[in-house]
Amino acid sequence: MPIVAQSSTETDWVSRFADEVIAESERRAPGKPVVVASGLSPSGPIHLGNLREVMTPHLVADEIRRRGHEVRHLISWDDYDRYRKVPAGVEGIDESWAEHIGKPLTSVPAPAGSAHPNWAEHFKAAMTAALDELGVEYDGISQTEQYTSGAYREQILHAMKHRGDIDAILDQYRTKKGPAKKSQKPVDEAELEAAEGSGAAAEDDGSGGAGGYYPYKPYCGQCGKDLTTVTSYDDGTTELAYTCTACAFSETVRLSEFNRGKLVWKVDWPMRWAYEGVIFEPSGVDHSSPGSSFVVGGQIVRDIFDGVQPIGPMYAFVGISGMAKMSSSRGGVPTPADALKIMEAPLLRWLYARRRPNQSFKIAFDQEIQRLYDEWDKLAAKVEDGSVLPADAAAYSRAVRTAAGELPRTPRPLPYRTLASVVDITGGHDEQTLRILSDLDPANPLSSLDEARPRLDRAENWITTQVPADQRTVVRAEPDTELLASLDDEGRESLRLLLEGLDTHWSLDGLTTLVYGVPKVMAGLEPDAKPTPELKTAQRSFFALLYRLLVGRETGPRLPTLLLAVGADRVRKLLAA
C-alpha cells in the first residue's frame, strides 16, 4: 500500500523520526518498503555503545511497523573488514594472532575453544543472541558474502571509473584538522563510542599508492592480506595490477571477474546507501566532524552513485556505571549479553528508548541498578493507573513490546533490590528464597519462584558477578555477646521492643513500620510520628546497631528484607540481650 505520512500526536523522539522517515521514503521510493540501516563490525566484542547503532533505527522501524507500513531494518555485518589488531584480554587468543592482521575478519581463526568457524562468526553470535532477546527484527547482510559473490561488481567498476572524481572529493577534506584524540579512561568511567568498530575506524582511503588514487583494495592472492598497492588499472579491459607489501606477491586480474577485495570505507558506505536505498541510518558523534565518513559520504553518494544520503542523526556516547567484575573473554568491555545477564530485556530497551539519540546516558552495573529498577517499577505503576505522561508512556510501550508482540516479562515483579538482598543472604538457596519471598506479602504469598523470574535470576546474577565478595552479606552464626553485654539500658530496651513486635509485624511492610517505629517509641512518640532531624539520627544509630549484631557491619541490605531473610527464630537468637 502507498505510504502516507502521519503527523504524530506523541511527543517522543521515535515518533518524530518515524514521521520524517515515512515522508522521506514516500518522496524517494513511493510504494516500496522503508529501509533503515545499521552497521556492526565483529572485530571483537560488540559493546553497549555499538548497541545504540542498532536500537536507534530499530525503535524507529518498529514504530513504522506499528503504523502498518512495510519496513526493512538492515544490519550490515562488516565481516569483510580487515583484522586490525589483536584485542587485549580476549580469552582464547595470544600474540600469534598477529600473523592474521590484514586479512578479512572471516578469514581469521576464531579464538581457541570457540564453536564458530572464524573470528567474525564468533563475535557475531553473542550479538545475534542478544538482539533476539531484545526483540530486534532485522535482515542481516554479510559483507563477505556481498563482496565475494560479486553483488557489488557494477558499483566497484563504477567507482574505479570515477576514481579521479572521488579523489577530488576526498581531497577537499584531507587537509582539514581532525577531532582531538580522546583521553583514556578506565572501563567503569569510559564513554563507549557507539561508532567504534562499525567500519568508521580510520582506514586507508586509497590515496597511498604511487600509481595514483584507487578506491579499491584487493586482498592478496598469496597471503590473503590487504597490505596491497594497486599499481595500474585499465578502464576498458578492467585489468588491475597490484603488489603485496607483506609477501611481495603481485598479479594482474580482471576486476570484472575478481571478487577478492573491497572498496575503501569512505566509498563503501555511500555505495551501500545507494545500493540498498537507505532512508534512515544514524551514526556516532565522531561523524559530525569535517572529513568524517558521514560528511564525505553525503557528497560521494550524490556525485558518484546518484543516490541520496540517509536521514542520519548523530547519537551520543553510552557510558558504564561501575563494573566490579568482568570476564577476560570480553576484553574488559561490557556487551549487551553482559547487561542482559543482570537486567531484563524491557529495561535495557527502555534505557535506549527514553533518551534522544543525541543524549548520552549510563548503563548501571553497580548499586545504581537498584535505583534504576525502582524508577522502572514506578513508571509501570503510573502506566497502570493512568497518571503517566505521554512521552513516558510511549517509551514504556516501546520497551515492553514491539510490533510483533509483547516481550517476556516477570509475572510478579518484586523489587529488584529486595530480590538481590534475598539471594545475597540465602546464597541462592531456592527453598529458603521462596520462604522469604512468600513472607513479603503474607496475604498473597508467592507459590513458586517462577513467578519472580526472570527478574530473580537477573538479581542473582548481579549479586554473584558484580558485587565484590567483601561486600556480600554474611549473617552471624552466633550472637555478638561482647557487643550485647556492652549495651546500656536504652539499647537493650530498643532490642526488646523490636523482638516483641516481630510476630505481629512479620511482613515486608510490617517490619518496615517496626524498625522505623522503635526509635520513635523510645523517644516517647507515636509509631507513625513524622521524622525530625533528631529522630533520623536516632534511627541511623539503631539501624547500625542491628547491622552490627546481625551481619557484623555498619550497613547492609534493607533491614526489613534482612530480618525476613534471617528468620524470626534466628533474629531472636542474635538480638537477645
# chains A, B, ... in the order shown; residues from 1 in each chain; ligands from 1

call {"tool": "closest_atom_pairs", "arguments": {"of": "range 424-534 of chain A", "to": "range 340-352 of chain A", "cutoff": "8 Å", "atoms": "only C-alpha atoms", "output": "tab-separated table"}}
result
residue	atom	partner	partner_atom	distance
A:Pro454	CA	A:Glu344	CA	7.2
A:Arg455	CA	A:Glu344	CA	6.5
A:Asp457	CA	A:Ile342	CA	7.9
A:Arg458	CA	A:Ile342	CA	4.2
A:Ala459	CA	A:Ile342	CA	6.1
A:Glu460	CA	A:Ile342	CA	7.8
A:Asn461	CA	A:Ile342	CA	5.7
A:Trp462	CA	A:Ile342	CA	5.1

call {"tool": "write_last_selection", "arguments": {"atoms": "N, CA and C atoms", "output": "PDB file, in the first residue's frame"}}
result
ATOM      1  N   PRO A 454      11.899 -13.787  35.063  1.00  0.00           N
ATOM      2  CA  PRO A 454      13.369 -13.855  35.116  1.00  0.00           C
ATOM      3  C   PRO A 454      14.039 -12.790  35.987  1.00  0.00           C
ATOM      4  N   ARG A 455      13.268 -11.894  36.605  1.00  0.00           N
ATOM      5  CA  ARG A 455      13.910 -10.838  37.395  1.00  0.00           C
ATOM      6  C   ARG A 455      14.751 -11.417  38.522  1.00  0.00           C
ATOM      7  N   ASP A 457      16.393 -14.207  38.596  1.00  0.00           N
ATOM      8  CA  ASP A 457      17.657 -14.711  38.051  1.00  0.00           C
ATOM      9  C   ASP A 457      18.615 -13.564  37.725  1.00  0.00           C
ATOM     10  N   ARG A 458      18.072 -12.453  37.222  1.00  0.00           N
ATOM     11  CA  ARG A 458      18.925 -11.307  36.898  1.00  0.00           C
ATOM     12  C   ARG A 458      19.540 -10.725  38.175  1.00  0.00           C
ATOM     13  N   ALA A 459      18.736 -10.650  39.234  1.00  0.00           N
ATOM     14  CA  ALA A 459      19.244 -10.123  40.508  1.00  0.00           C
ATOM     15  C   ALA A 459      20.322 -11.045  41.081  1.00  0.00           C
ATOM     16  N   GLU A 460      20.121 -12.350  40.948  1.00  0.00           N
ATOM     17  CA  GLU A 460      21.124 -13.292  41.448  1.00  0.00           C
ATOM     18  C   GLU A 460      22.424 -13.164  40.651  1.00  0.00           C
ATOM     19  N   ASN A 461      22.304 -13.008  39.323  1.00  0.00           N
ATOM     20  CA  ASN A 461      23.499 -12.817  38.505  1.00  0.00           C
ATOM     21  C   ASN A 461      24.237 -11.546  38.891  1.00  0.00           C
ATOM     22  N   TRP A 462      23.474 -10.496  39.207  1.00  0.00           N
ATOM     23  CA  TRP A 462      24.109  -9.238  39.607  1.00  0.00           C
ATOM     24  C   TRP A 462      24.903  -9.427  40.892  1.00  0.00           C
TER      25      TRP A 462
END

call {"tool": "select_by_dssp", "arguments": {"residues": "range 231-465 of chain A", "states": "strand (DSSP E or B)", "output": "ChimeraX atom specification"}}
result
/A:231-233,239-244,250-254,261-263,280,283-284,311,314-315,318-321,361-364,401-402,405-406

call {"tool": "closest_residue", "arguments": {"among": "A:Glu281, A:Gln367, A:Ala88, A:Val400", "to": "Val383 in chain A", "atoms": "only C-alpha atoms"}}
result
A:Val400

call {"tool": "residues_around", "arguments": {"residues": "range 515-530 of chain A", "least_positions_apart": "6", "cutoff": "10 Å", "atoms": "only C-alpha atoms", "output": "JSON, numbers by chain"}}
result
{"A": [490, 491, 493, 494, 495, 496, 497, 498, 501, 502, 505, 536, 537, 538, 539, 540, 541, 542, 543, 546, 559, 560, 563]}

call {"tool": "atom_distance", "arguments": {"atom1": "CA of Ala395 in chain A", "atom2": "CA of Lys362 in chain A"}}
result
17.0 Å

call {"tool": "atom_distance", "arguments": {"atom1": "CA of Gly49 in chain A", "atom2": "CA of Trp265 in chain A"}}
result
20.5 Å
